[in-house]
Amino acid sequence: MTPLTTIRILTIGLCLTVGAEALAVALDAALPPPMAKAEHASPVVLDHKGAWLGAVPVEDGRWRLRADIRRIDPTFLRRLKALEDARFDLHPGVDPVALVRAAASDLASGRVRSGGSTLTMQLARRLQPRPRTLSAKLIEAARALQLEFRLGKRGVLAAYLTLTPYGGNLEGVRAASLAYFGHEPDSLSDAEQALLIALPQAPEARRPDRHPAAARAARDRILARLQAARLISPQARSLAETDPLPRRQPLPTLAWHSVNQLARRAPARDPTVVSTLDARLQSQVEALAAQTATEQGTTTSVAVVVVDVRTRAVRAAVGSAGRDRPGGWVDVSRSLRSPGSALKPFIYAMAFEAGLAAPDTKVRDAAAVYADYRPQDFDRAFHGEVTVRQALQSSLNVPAVNMLASVGPGAFEQRLRAAGATFVRPRAGLAPASLALALGGEGTTLRDIAMLYAALGDGGIAKPLAWTEAEARARPRQPGVRLVREEAAGQVLDILRQGAPPPDHALAQLRPDAERIAFKTGTSYGYRDAVAAGVSGGYVVAVWTGRPDGGGRPGYTGREAALPLLFDVFDRLQNTNIAPALDQDALDEAPSGLQQMAGEFDLPPRLEFPLDGAVLHLDAAGPPDPGFALAAQGRGLHWFVGGAPLRTDALTGQTLWRPHAAGFYRVEAVDEAGQRSVARVRVAR
């Protein structure tokens, strides 16, 4: 063969190759794979640290949560590929070796036993289901090549783990992990991994909540295959087979009012919103709100807003006391309600700023008439000559109305509105702002009250509340709106800090290290609304209790019905409610029959280190440190990491763990009764 002939052959081959690639690109563009289902996932709302808050289902009430490969246990991914598609990282979407092996198996058995489908081909089938025919298989193979070309390996795996069915209305490994195990799939036990690999093969027939025997058998078969493939030790397999099957539970939901609102902001291609909420605090505040509502009657609802003053980040938001209570679906934090006397501090702040009064200015608390308006104090008595400080601390009505008359109700209303607050008054188009504004005569929202009190805590600068982390990062750089001058805001806060706390919190406020709370309460006409708002320690807390339908609750004032909850929330923020350690030497020895409460050791071990969700750093484990010292309360404890047992030092009694690399780990403490507690931790460098 002459050199010229060789060149011609190479040229023709190159042209054919380029032509084939051009044809493939053209066909891919003309007949794109149907990606709509993969691109439509449930919006998910996370807290500011990335912890789960809640999600909103997609069509037909299905939970389809977008899988994030970075947040899925890497051991699970390795095992999934090893059992379902061993050459996933090597083939272009179609595995010829698997197809040949499947065809040979089918011919030998005389029936279709294996289709040789790769994970990518299974994804193609879920995007566009077809009958199990040879032509359908060919189409799936073509689609698999397209998907690999468009998405790449990580994208294919993420889409597969988003659309994989796990029984009922669960789609995707993330939804399954949350519903069956109650946690994200970033750290999965051996038993959990095996179940998640087994379920998609027959999602309805193997549902652990409906067919536990089938689910257990399928899980154990996967564990056996993992051991055969040397992906799990015999000891870990035996331990995993003893794990009880999970029961399906509702997907965890915190701040469900806020989750539904924030979910609307989620972009379609990445339906995840990182909110400013703090999951741990939110859970605590929701529990406090539910307890308060229970104590105040079946018709009572509660709303709470907690704001970080520096960033205006909303760290907790409770819209009601629960969906199981009357009006529980109403988000009262957004509803127009009367603030009662909660706006009085701003009247005095504007008066201080204008030079109309000072904290120790003497004013008269006596009967006064303004046209047809005759304000009275709450106790229906007058106190004669008092200072402004006393008038605000005692929430006297007549001095506040007199001061608003000096400031000007119209000017007062406009300044609050300019700061971003919403105010609605009856017949707004027919009458100007009136002096009744001092006593809650115009409706506003609890969120706006929190925003205004945050301005007091920030030297008089008002800014919108931040609901996403992106907004919170931007707030400190934004100029905001000057509501009152810094000196006036500070004077008002100094006065409010001198208010008498609720009886149950009086001793805590007397501690030398206690952060005094600058608070104000409000009670609307007819006892329809009980409000409390306060500033302390860089936070604002605003509380409302009442009936969502606007009915009155005689006797329930802001001080009695809302203020104790406000102090409870600040306790959680300031940790002032932590009891001192007990003096063991001062405890008398109990009689032998009463030395241990019955049922005490029916509880599983109580983990002390590490706690679930902790992030540990390799630098802290060594050298010279010998490792992480694990700790828990319980009898006869044995420790396991990733199913492998750890050795306990016979002399010191300590169990030390030195992680070999960064990643996600499952740490288990098992007591002598076989009860276990689990901490899923991340080890970082």
# chains A, B, ... in the order shown; residues from 1 in each chain; ligands from 1
>>> residues_around(residues="Arg315 (chain A)", least_positions_apart="3", cutoff="10 Å", atoms="only C-alpha atoms", output="list in words")
Asp47, His48, Ser275, Thr276, Leu277, Asp278, Ala279, Arg280, Leu281, Gln282, Val305, Val306, Val307, Asp308, Arg312, Ala466, Trp467, Tyr539, Val540 and Val541 of chain A
>>> residues_around(residues="Pro57 (chain A)", least_positions_apart="4", cutoff="10 Å", atoms="only C-alpha atoms", output="ChimeraX atom specification")
/A:41-44,61-65,169-170
>>> select_by_dssp(residues="region 241-447 of chain A", states="helix (DSSP H, G or I)", output="PyMOL selection string")
chain A and resi 241+256-263+279-296+332-334+344-354+388-393+397-407+409-418+435-439+446-447
>>> closest_residue(among="A:Gly384, A:Asp190, A:Leu336, A:Gly168", to="Arg210 (chain A)", atoms="only C-alpha atoms")
A:Gly168
>>> closest_residue(among="A:Gln249, A:Thr164, A:Thr294, A:Thr444", to="Pro203 (chain A)", atoms="only C-alpha atoms")
A:Thr164
>>> residues_around(residues="Ala489 (chain A)", least_positions_apart="5", cutoff="10 Å", atoms="only C-alpha atoms", output="PyMOL selection string")
chain A and resi 345-346+348-350+352-353+453+455-461+483-484+494
>>> residues_around(residues="Pro605 (chain A)", least_positions_apart="3", cutoff="12 Å", atoms="only C-alpha atoms", output="JSON list (two decimals) with C-alpha atoms, in the first residue's frame")
[["chain", "number", "residue", "atom", "x", "y", "z"],
["A", 600, "GLU", "CA", -34.04, 3.55, 84.07],
["A", 601, "PHE", "CA", -31.96, 1.15, 82.04],
["A", 602, "ASP", "CA", -34.74, 0.37, 79.58],
["A", 608, "GLU", "CA", -22.12, 12.48, 75.05],
["A", 609, "PHE", "CA", -19.40, 12.48, 72.38],
["A", 631, "ALA", "CA", -18.32, 8.84, 75.63],
["A", 632, "ALA", "CA", -21.87, 7.78, 76.49],
["A", 633, "GLN", "CA", -24.04, 6.97, 79.49],
["A", 634, "GLY", "CA", -25.03, 3.29, 79.65],
["A", 635, "ARG", "CA", -24.06, -0.15, 80.95],
["A", 636, "GLY", "CA", -21.62, -2.54, 79.30],
["A", 637, "LEU", "CA", -21.06, -0.33, 76.27],
["A", 638, "HIS", "CA", -19.44, -1.51, 73.05],
["A", 639, "TRP", "CA", -18.53, 0.92, 70.28],
["A", 668, "GLU", "CA", -22.74, 3.39, 67.39],
["A", 669, "ALA", "CA", -22.85, 2.72, 71.12],
["A", 670, "VAL", "CA", -24.44, -0.65, 72.04],
["A", 671, "ASP", "CA", -25.23, -1.52, 75.66],
["A", 672, "GLU", "CA", -25.36, -4.92, 77.35],
["A", 673, "ALA", "CA", -29.07, -5.25, 76.50],
["A", 674, "GLY", "CA", -28.36, -4.77, 72.79],
["A", 675, "GLN", "CA", -29.86, -1.28, 72.68],
["A", 676, "ARG", "CA", -27.99, 1.18, 70.52],
["A", 677, "SER", "CA", -27.65, 4.89, 69.92],
["A", 678, "VAL", "CA", -26.23, 6.27, 66.69],
["A", 679, "ALA", "CA", -24.31, 9.45, 65.85]]
>>> select_by_dssp(residues="region 182-415 of chain A", states="strand (DSSP E or B)", output="PyMOL selection string")
chain A and resi 272-275+301-308+313-318+337+362-365+370+373+384-387
